[in-house]
Amino acid sequence: MIIVPGIYIMLITFPGVVVHEFAHQLFCRIFGVAIFEVKYFQMANPAGYVSHEPVHNPVHQLFICIGPFLINTLLALAIAFPAAVPVFILGEGNFLDFVMLYFGFSIAMHAFPSIADAKIIWETVWNGENTPLWLKVLTVPIVALIYLGAAGSMFMLNLLYGMGIAFGLPVLIMKFLAHYY
Amino acid sequence: MIENAPHEQEQDYPDACFQCNSPDYEPGYAVRLCKTCRKRLSRYPLKKNIVLGAVGLGILFAFSLYRFKDYYKAAISYEKGISYADNRDFVSAEKAFKYILDLYPQHEASKVHLLTACYYNNKPGEALAIGEDLDKNPSYRYKDALAEEVATIRDLWAKNQQQNEDLTTASIYLRDNRLQEADSLLNKIARANPTNWEASLLLSRCLRQEKKYAEALSVCNHMLSYNHQLPAALAEKAILLKTVK
């Protein structure tokens with residue numbers, strides 16, 4: 001078995017890293033959180049980061065951290081959908097379709113928030129003085145899922161997620177539409 | 001994502017906005033910033049190469065979306081066609097696969113499924129023409145499922161051909177009103193090959209003439225169990241039901 005080092009996987013799927021950091025940045029902008037530095041991609045660990053001020057509202061922190069999960073997943077699905085249909089249902093894909101599938105897959109693959117994101121959520125929301133109880137309760141499963149996702153990524157869970165969103169979900173949606181439409 | 005708060009010593013004036021030194025900083029934040037500076041910093045500019053990349057991807061996406069309209073219709077039609085064929089509604093399946101072939105005349109999977117639908121709809125001429133068209137560029141042979149489907153239909157077709165002589169004899173018996181002999185021979189053919197539609201239809205007509213309505217109805221239902229929409233079988237069943245009434 002050939003094991004590809006993580007940094008090369010990051011390099012191959014760099015559009016996903018860029019979109020991941022962009023999603024953090026977007027939510028910072030939405031909530032008016034000051035950003036000091038953004039690194040969209042680098043050949044180092046971490047492959048990208050957004051350096052911002054500590055947030056005022058813990059709900060904002062939650063959204064800034066899980067933003068990439070929402071944005072990467074939706075964007076990947078939108079990009080891959082028109083390409084996955086001809087490739088996987090009709091077997092009629094061309095070069096453009098495969099390029100779009102690559103973008104969709106790499107973006108979906110980097111949807112999972114990192115362990116650093118989970119730590120910040122925990123520190124800000126769980127340990128926050130002004131955090132309402134419902135938010136603390138909501139935070140526990142979210143942080144647990146992020147840790148599970150990070151652990152699963154050691155076993156290529158992020159790869160499977162990327163494939164599921166970019167290749168599998170469009171086919172399932174089309175089957176559903178064909179059945180009920 | 002990294003949280004980053006400048007230390008007190010990094011700030012020139014500890015009681016002012018650390019960017020513009022305005023004393024009008026927003027209270028309640030870990031980092032002292034005035035409203036204008038916070039807004040400006042939250043709008044951290046996107047790098048030029050990121051914007052160019054996004055524009056490029058946007059153009060590709062727009063082009064992909066432009067082509068998607070036809071693909072969408074074809075894919076819905078294909079999925080419906082497969083579903084109709086699985087449910088043995090071959091007239092609807094034939095219509096769905098013909099629609100795809102109007103859009104993409106070279107779509108092999110649709111051709112193969114259309115071959116099956118035409119066979120089950122008792123359209124041997126059309127099935128034969130599709131079979132010949134498939135043989136012109138037989139790349140479907142590299143796809144196991146499609147190759148198997150074509151082989152199955154060709155086997156059934158060959159069986160029909162082998163029974164042609166008996167079928168002609170049975171037709172002569174029926175024309176000469178030798179109903180028992182026709183009945184017996186057609187029964188033999190239909191049992192050996194239940195998808196020999198001509199034999200089953202003749203058998204039903206023969207039984208109808210012998211006033212064996214229940215048996216004739218059973219033959220029609222048997223045909224319809226292979227194709228719920230087989231037009232000739234539906235017509236024969238309608239005649240039978242009208243006669244029985």
# chains A, B, ... in the order shown; residues from 1 in each chain; ligands from 1
>>> residues_around(residues="Leu11 (chain A)", least_positions_apart="4", cutoff="10 Å", atoms="only C-alpha atoms", output="PDB file with C-alpha atoms, in the first residue's frame")
ATOM      1  CA  GLY A   6      -0.926  14.518   4.321  1.00  0.00           C
ATOM      2  CA  ILE A   7       0.789  17.584   2.940  1.00  0.00           C
ATOM      3  CA  PRO A  15      -8.990  24.352  -3.587  1.00  0.00           C
ATOM      4  CA  GLY A  16     -10.745  22.799  -0.584  1.00  0.00           C
ATOM      5  CA  VAL A  17      -8.268  24.381   1.859  1.00  0.00           C
ATOM      6  CA  PHE A  41      -2.778  27.842   1.561  1.00  0.00           C
ATOM      7  CA  GLN A  42       0.752  26.984   2.550  1.00  0.00           C
ATOM      8  CA  MET A  43       2.901  23.852   2.359  1.00  0.00           C
ATOM      9  CA  ALA A  47      -2.191  24.281   5.505  1.00  0.00           C
TER      10      ALA A  47
END
>>> closest_atom_pairs(of="chain A", to="chain B", cutoff="9 Å", atoms="only C-alpha atoms", output="CSV")
residue,atom,partner,partner_atom,distance
A:Val18,CA,B:Ile50,CA,8.1
A:Glu21,CA,B:Met1,CA,7.5
A:Phe22,CA,B:Leu46,CA,8.7
A:His24,CA,B:Met1,CA,7.1
A:Gln25,CA,B:Tyr44,CA,7.9
A:Leu26,CA,B:Arg43,CA,8.8
A:Cys28,CA,B:Ser42,CA,6.2
A:Arg29,CA,B:Ser42,CA,4.9
A:Ile30,CA,B:Ser42,CA,8.2
A:Phe31,CA,B:Ser42,CA,8.2
A:Gly32,CA,B:Ser42,CA,5.3
A:Val33,CA,B:Ser42,CA,5.1
A:Ala34,CA,B:Ser42,CA,4.1
A:Ile35,CA,B:Ser42,CA,5.2
A:Phe36,CA,B:Leu41,CA,6.9
A:Glu37,CA,B:Tyr44,CA,8.0
A:Val38,CA,B:Tyr44,CA,8.1
A:Tyr40,CA,B:Ile50,CA,8.4
A:Gly48,CA,B:Met1,CA,8.0
A:Tyr49,CA,B:Met1,CA,4.8
A:Val50,CA,B:Met1,CA,4.6
A:Ser51,CA,B:Ile2,CA,4.6
A:His52,CA,B:Glu3,CA,5.1
A:Glu53,CA,B:Asn4,CA,5.1
A:Pro54,CA,B:Glu3,CA,5.6
A:Val55,CA,B:Tyr29,CA,7.4
A:His56,CA,B:Tyr29,CA,5.8
A:Ile64,CA,B:Met1,CA,8.7
A:Cys65,CA,B:Met1,CA,7.5
A:Ala78,CA,B:Phe61,CA,8.9
A:Ile79,CA,B:Phe61,CA,6.4
A:Pro82,CA,B:Phe68,CA,5.5
A:Ala83,CA,B:Ser64,CA,6.9
A:Val85,CA,B:Ala75,CA,6.7
A:Pro86,CA,B:Tyr71,CA,6.1
A:Ile89,CA,B:Ala75,CA,6.3
A:Leu90,CA,B:Ala75,CA,6.4
A:Gly91,CA,B:His107,CA,8.2
A:Glu92,CA,B:His107,CA,7.7
A:Leu96,CA,B:Ser64,CA,7.4
A:Asp97,CA,B:Ser64,CA,7.3
A:Val99,CA,B:Leu60,CA,9.0
A:Met100,CA,B:Phe61,CA,7.5
A:Phe103,CA,B:Leu57,CA,8.7
A:Ser114,CA,B:Met1,CA,8.2
A:Ala116,CA,B:Met1,CA,6.8
A:Asp117,CA,B:Met1,CA,6.1
A:Ile120,CA,B:Glu3,CA,7.6
A:Met174,CA,B:Ile76,CA,6.6
A:Lys175,CA,B:Glu79,CA,6.3
A:Leu177,CA,B:Ile76,CA,7.2
A:Ala178,CA,B:Ile76,CA,5.0
A:His179,CA,B:Lys80,CA,7.0
A:Tyr181,CA,B:Ile76,CA,8.6
>>> closest_residue(among="A:Phe14, A:Ala111, A:Trp134, A:Lys39", to="Leu160 (chain A)", atoms="only C-alpha atoms")
A:Ala111
>>> closest_residue(among="B:Leu240, B:Ala190, B:Ala127, B:Leu234", to="Lys212 (chain B)", atoms="only C-alpha atoms")
B:Leu240
>>> decode(residues="region 17-93 of chain B", atoms="C-alpha atoms", output="mmCIF file, in the first residue's frame")
data_model
loop_
_atom_site.group_PDB
_atom_site.id
_atom_site.type_symbol
_atom_site.label_atom_id
_atom_site.label_comp_id
_atom_site.auth_asym_id
_atom_site.auth_seq_id
_atom_site.Cartn_x
_atom_site.Cartn_y
_atom_site.Cartn_z
ATOM 1 C CA CYS B 17 -7.998 51.622 19.580
ATOM 2 C CA PHE B 18 -4.828 49.710 18.842
ATOM 3 C CA GLN B 19 -5.088 50.474 15.144
ATOM 4 C CA CYS B 20 -5.782 54.228 15.057
ATOM 5 C CA ASN B 21 -5.221 55.127 18.731
ATOM 6 C CA SER B 22 -8.701 56.642 18.893
ATOM 7 C CA PRO B 23 -10.004 56.689 22.477
ATOM 8 C CA ASP B 24 -13.411 55.793 21.052
ATOM 9 C CA TYR B 25 -12.913 52.018 21.142
ATOM 10 C CA GLU B 26 -15.818 49.573 21.484
ATOM 11 C CA PRO B 27 -16.164 48.251 25.031
ATOM 12 C CA GLY B 28 -16.663 44.585 25.914
ATOM 13 C CA TYR B 29 -14.193 43.155 23.387
ATOM 14 C CA ALA B 30 -10.884 41.478 24.209
ATOM 15 C CA VAL B 31 -9.162 43.550 21.535
ATOM 16 C CA ARG B 32 -9.506 47.309 21.747
ATOM 17 C CA LEU B 33 -10.732 48.510 18.375
ATOM 18 C CA CYS B 34 -12.933 51.401 17.368
ATOM 19 C CA LYS B 35 -16.040 50.586 15.313
ATOM 20 C CA THR B 36 -14.481 51.810 12.038
ATOM 21 C CA CYS B 37 -11.276 49.804 12.508
ATOM 22 C CA ARG B 38 -13.189 46.664 13.511
ATOM 23 C CA LYS B 39 -15.363 46.957 10.408
ATOM 24 C CA ARG B 40 -12.342 47.579 8.202
ATOM 25 C CA LEU B 41 -10.433 44.625 9.668
ATOM 26 C CA SER B 42 -13.453 42.315 9.410
ATOM 27 C CA ARG B 43 -13.457 43.112 5.671
ATOM 28 C CA TYR B 44 -10.027 41.634 5.198
ATOM 29 C CA PRO B 45 -9.331 41.882 1.461
ATOM 30 C CA LEU B 46 -9.272 38.766 -0.680
ATOM 31 C CA LYS B 47 -5.973 38.227 -2.474
ATOM 32 C CA LYS B 48 -5.968 38.902 -6.215
ATOM 33 C CA ASN B 49 -5.063 35.303 -7.136
ATOM 34 C CA ILE B 50 -7.948 33.991 -4.989
ATOM 35 C CA VAL B 51 -10.390 36.347 -6.738
ATOM 36 C CA LEU B 52 -9.028 35.325 -10.161
ATOM 37 C CA GLY B 53 -9.317 31.644 -9.215
ATOM 38 C CA ALA B 54 -12.893 32.148 -8.055
ATOM 39 C CA VAL B 55 -13.774 33.998 -11.278
ATOM 40 C CA GLY B 56 -12.231 31.182 -13.341
ATOM 41 C CA LEU B 57 -14.127 28.552 -11.407
ATOM 42 C CA GLY B 58 -17.284 30.656 -11.734
ATOM 43 C CA ILE B 59 -16.918 30.730 -15.533
ATOM 44 C CA LEU B 60 -16.409 26.960 -15.672
ATOM 45 C CA PHE B 61 -19.393 26.513 -13.356
ATOM 46 C CA ALA B 62 -21.581 28.774 -15.518
ATOM 47 C CA PHE B 63 -20.632 26.759 -18.614
ATOM 48 C CA SER B 64 -21.266 23.498 -16.775
ATOM 49 C CA LEU B 65 -24.652 24.800 -15.609
ATOM 50 C CA TYR B 66 -25.540 25.918 -19.149
ATOM 51 C CA ARG B 67 -25.081 22.356 -20.446
ATOM 52 C CA PHE B 68 -26.818 20.892 -17.432
ATOM 53 C CA LYS B 69 -30.378 21.662 -18.647
ATOM 54 C CA ASP B 70 -30.312 18.911 -21.276
ATOM 55 C CA TYR B 71 -28.360 16.553 -19.027
ATOM 56 C CA TYR B 72 -30.936 17.048 -16.288
ATOM 57 C CA LYS B 73 -33.859 16.156 -18.575
ATOM 58 C CA ALA B 74 -31.967 13.168 -19.961
ATOM 59 C CA ALA B 75 -30.920 11.920 -16.522
ATOM 60 C CA ILE B 76 -34.457 12.196 -15.118
ATOM 61 C CA SER B 77 -35.741 10.403 -18.212
ATOM 62 C CA TYR B 78 -33.051 7.721 -17.871
ATOM 63 C CA GLU B 79 -33.802 7.072 -14.208
ATOM 64 C CA LYS B 80 -37.520 6.942 -14.982
ATOM 65 C CA GLY B 81 -36.871 4.600 -17.902
ATOM 66 C CA ILE B 82 -34.857 2.256 -15.690
ATOM 67 C CA SER B 83 -37.590 2.377 -13.072
ATOM 68 C CA TYR B 84 -40.315 1.660 -15.686
ATOM 69 C CA ALA B 85 -38.309 -1.254 -17.059
ATOM 70 C CA ASP B 86 -37.786 -2.646 -13.531
ATOM 71 C CA ASN B 87 -41.558 -2.400 -12.974
ATOM 72 C CA ARG B 88 -42.148 -4.060 -16.386
ATOM 73 C CA ASP B 89 -43.868 -1.005 -17.851
ATOM 74 C CA PHE B 90 -42.027 -1.311 -21.130
ATOM 75 C CA VAL B 91 -44.141 1.101 -23.228
ATOM 76 C CA SER B 92 -43.285 3.949 -20.828
ATOM 77 C CA ALA B 93 -39.675 2.733 -20.708
#
